[in-house]
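Structure first, then comments.
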Amino acid sequence: MAYKDFGTPGRITAVLDTSGQNTGNLTTTIIPRQLGVYLAEFIIYHMVAENLSFGLQAKVVQNAGTWGYTPLFGTGAGTEWWGKLYMKQSDELRFLWNLAPNGPPVTNAPILTVYVEYDPDLPENTAARLT
């Protein structure tokens, strides 16, 4: 099985939580279809978080389970993860930040970029499309 690079669906800016899991704070939400990722199964192999202020951290949740935590950040920091996070079309990934928005427009929101690869030989992925 040779994986193919899908690339990234773009930069995702955290917004005020609407999931009910992080009320009053910012949350980054990765829902494949909303980001234009129409793959049955795929892997997020790299993530980059930017615009991270002093004291910022997040609980990372995949569906109903905790996937991990971010480290505690310093001023103007960024971080990245390498590894395989297996995702299905129905999965949701959220970064529940310990940060409230600083008002409209929100200028303190973390920005996340995910990089995806997938198996084009997987029958469920043969009809993969970008829109």
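Labeling convention for the structure tokens: chains A, B, ... as they appear, residues from 1 per chain, ligands from 1 in order of appearance.
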**Report entry** 8 Å contact set for stretch 63-72 of chain A, only C-alpha atoms, chain neighbours under 2 positions out, as a PyMOL selection string
**Finding:** chain A and resi 54-61+74+91-93
Requested in this report: Find the spatial neighbours of A:Leu85, counting only C-alpha atoms, within a cut-off of 9 Å - ignore same-chain residues fewer than 6 positions away - and output them as number ranges by chain.
Outcome: A: 42-46
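For the atom pair formed by atom CA of A:Val116 and atom CA of A:Ile31, the distance is 13.0 Å, given to one decimal.
Here atom CA of A:Gln62 and atom CA of A:Tyr3 stand 22.1 Å from one another.
Counting only C-alpha atoms, the residue from A:Lys88, A:Leu122, A:Pro105, A:Trp97 that sits nearest to A:Tyr38 is A:Lys88.
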Report task. Would you list, as JSON, numbers by chain, the residues of stretch 18-124 of chain A that end up in strand (DSSP E or B) under DSSP run on this structure's backbone? Result -> {"A": [26, 27, 28, 29, 30, 38, 41, 42, 43, 44, 45, 46, 47, 48, 49, 50, 51, 52, 58, 59, 60, 61, 62, 65, 66, 67, 68, 69, 77, 78, 79, 80, 81, 82, 83, 84, 85, 86, 87, 88, 93, 94, 95, 96, 97, 111, 112, 113, 114, 115, 116, 117, 118]}
For the residues selected in the previous step, produce a file with C-alpha atoms as a PDB file, in the first residue's frame.
ATOM      1  CA  LEU A  26     -11.622  28.880  21.508  1.00  0.00           C
ATOM      2  CA  THR A  27     -11.741  25.517  19.742  1.00  0.00           C
ATOM      3  CA  THR A  28     -10.132  24.303  16.537  1.00  0.00           C
ATOM      4  CA  THR A  29     -12.433  21.799  14.823  1.00  0.00           C
ATOM      5  CA  ILE A  30     -11.403  19.377  12.089  1.00  0.00           C
ATOM      6  CA  TYR A  38     -13.863  13.407   1.011  1.00  0.00           C
ATOM      7  CA  GLU A  41      -9.992   6.731   5.583  1.00  0.00           C
ATOM      8  CA  PHE A  42      -6.858   8.837   5.795  1.00  0.00           C
ATOM      9  CA  ILE A  43      -3.950   9.774   8.011  1.00  0.00           C
ATOM     10  CA  ILE A  44      -3.054  13.159   9.415  1.00  0.00           C
ATOM     11  CA  TYR A  45       0.719  12.793   9.381  1.00  0.00           C
ATOM     12  CA  HIS A  46       1.752  16.315  10.320  1.00  0.00           C
ATOM     13  CA  MET A  47       0.167  19.239  12.178  1.00  0.00           C
ATOM     14  CA  VAL A  48       1.452  22.768  12.706  1.00  0.00           C
ATOM     15  CA  ALA A  49      -0.012  25.142  15.292  1.00  0.00           C
ATOM     16  CA  GLU A  50       0.793  28.856  15.134  1.00  0.00           C
ATOM     17  CA  ASN A  51      -0.167  32.097  16.900  1.00  0.00           C
ATOM     18  CA  LEU A  52       0.256  30.484  20.304  1.00  0.00           C
ATOM     19  CA  ALA A  58      -5.120  22.486  24.563  1.00  0.00           C
ATOM     20  CA  LYS A  59      -6.732  19.149  25.184  1.00  0.00           C
ATOM     21  CA  VAL A  60      -6.871  17.277  21.868  1.00  0.00           C
ATOM     22  CA  VAL A  61      -9.997  15.148  21.440  1.00  0.00           C
ATOM     23  CA  GLN A  62     -10.723  12.656  18.652  1.00  0.00           C
ATOM     24  CA  GLY A  65     -11.726  10.231  23.449  1.00  0.00           C
ATOM     25  CA  THR A  66      -8.729  12.244  24.550  1.00  0.00           C
ATOM     26  CA  TRP A  67      -5.965  11.923  21.944  1.00  0.00           C
ATOM     27  CA  GLY A  68      -3.455  14.026  23.834  1.00  0.00           C
ATOM     28  CA  TYR A  69      -2.458  17.446  25.084  1.00  0.00           C
ATOM     29  CA  ALA A  77       5.363  30.215  19.892  1.00  0.00           C
ATOM     30  CA  GLY A  78       4.428  27.582  17.400  1.00  0.00           C
ATOM     31  CA  THR A  79       4.684  23.824  17.512  1.00  0.00           C
ATOM     32  CA  GLU A  80       4.316  20.831  15.259  1.00  0.00           C
ATOM     33  CA  TRP A  81       3.506  17.156  15.542  1.00  0.00           C
ATOM     34  CA  TRP A  82       4.774  14.311  13.399  1.00  0.00           C
ATOM     35  CA  GLY A  83       3.112  10.938  13.624  1.00  0.00           C
ATOM     36  CA  LYS A  84       0.138   9.035  12.358  1.00  0.00           C
ATOM     37  CA  LEU A  85      -3.337  10.003  13.438  1.00  0.00           C
ATOM     38  CA  TYR A  86      -5.754   7.653  11.688  1.00  0.00           C
ATOM     39  CA  MET A  87      -9.028   9.283  10.699  1.00  0.00           C
ATOM     40  CA  LYS A  88     -12.272   8.145   9.086  1.00  0.00           C
ATOM     41  CA  LEU A  93     -10.800  16.180  15.863  1.00  0.00           C
ATOM     42  CA  ARG A  94     -10.859  19.147  18.224  1.00  0.00           C
ATOM     43  CA  PHE A  95      -8.235  21.232  19.961  1.00  0.00           C
ATOM     44  CA  LEU A  96      -9.936  22.593  23.083  1.00  0.00           C
ATOM     45  CA  TRP A  97      -7.806  25.647  23.870  1.00  0.00           C
ATOM     46  CA  ILE A 111      -4.115  28.618  13.736  1.00  0.00           C
ATOM     47  CA  LEU A 112      -3.753  24.937  12.852  1.00  0.00           C
ATOM     48  CA  THR A 113      -2.631  23.363   9.580  1.00  0.00           C
ATOM     49  CA  VAL A 114      -3.014  19.605   9.068  1.00  0.00           C
ATOM     50  CA  TYR A 115      -1.329  17.532   6.362  1.00  0.00           C
ATOM     51  CA  VAL A 116      -3.101  14.454   5.037  1.00  0.00           C
ATOM     52  CA  GLU A 117      -2.124  11.299   3.185  1.00  0.00           C
ATOM     53  CA  TYR A 118      -4.325   8.438   2.050  1.00  0.00           C
TER      54      TYR A 118
END
Query raised in the report: Do you know which residues are at most 10 Å from A:Leu35 counting only C-alpha atoms, after dropping those on the same chain fewer than 2 positions away, and could you put them as a PyMOL selection string?
Result: chain A and resi 8-12+29-33+37-38+130-131
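You will find atom CA of A:Gly36 at 19.8 Å from atom CA of A:Asp121.
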Query raised in the report: Could you name the residues that touch A:Ala40 at 8 Å or less, counting only C-alpha atoms, but leaving out those on the same chain fewer than 6 positions away, as a PyMOL selection string?
Result: chain A and resi 88-89+124-125+128
Query - Members of chain A assigned helix (DSSP H, G or I) by DSSP, as a ChimeraX atom specification - result: /A:32-35,123-125
Mind dumping the selected residues with N, CA and C atoms as a PDB file, in the first residue's frame?
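As written to disk, result_25.pdb reads:
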ATOM      1  N   PRO A  32     -13.726  16.392   8.500  1.00  0.00           N
ATOM      2  CA  PRO A  32     -13.234  16.190   7.131  1.00  0.00           C
ATOM      3  C   PRO A  32     -14.103  16.797   6.028  1.00  0.00           C
ATOM      4  N   ARG A  33     -15.370  16.488   5.981  1.00  0.00           N
ATOM      5  CA  ARG A  33     -16.226  16.990   4.892  1.00  0.00           C
ATOM      6  C   ARG A  33     -16.306  18.512   4.874  1.00  0.00           C
ATOM      7  N   GLN A  34     -16.328  19.134   6.050  1.00  0.00           N
ATOM      8  CA  GLN A  34     -16.386  20.598   6.101  1.00  0.00           C
ATOM      9  C   GLN A  34     -15.108  21.234   5.573  1.00  0.00           C
ATOM     10  N   LEU A  35     -14.017  20.465   5.567  1.00  0.00           N
ATOM     11  CA  LEU A  35     -12.737  20.969   5.072  1.00  0.00           C
ATOM     12  C   LEU A  35     -12.452  20.526   3.647  1.00  0.00           C
ATOM     13  N   PRO A 123     -10.543   0.601  -1.680  1.00  0.00           N
ATOM     14  CA  PRO A 123     -11.760   0.761  -2.488  1.00  0.00           C
ATOM     15  C   PRO A 123     -12.628   1.945  -2.063  1.00  0.00           C
ATOM     16  N   GLU A 124     -12.735   2.186  -0.770  1.00  0.00           N
ATOM     17  CA  GLU A 124     -13.563   3.295  -0.288  1.00  0.00           C
ATOM     18  C   GLU A 124     -12.985   4.661  -0.666  1.00  0.00           C
ATOM     19  N   ASN A 125     -11.689   4.712  -0.961  1.00  0.00           N
ATOM     20  CA  ASN A 125     -11.052   5.969  -1.311  1.00  0.00           C
ATOM     21  C   ASN A 125     -10.954   6.195  -2.826  1.00  0.00           C
TER      22      ASN A 125
END
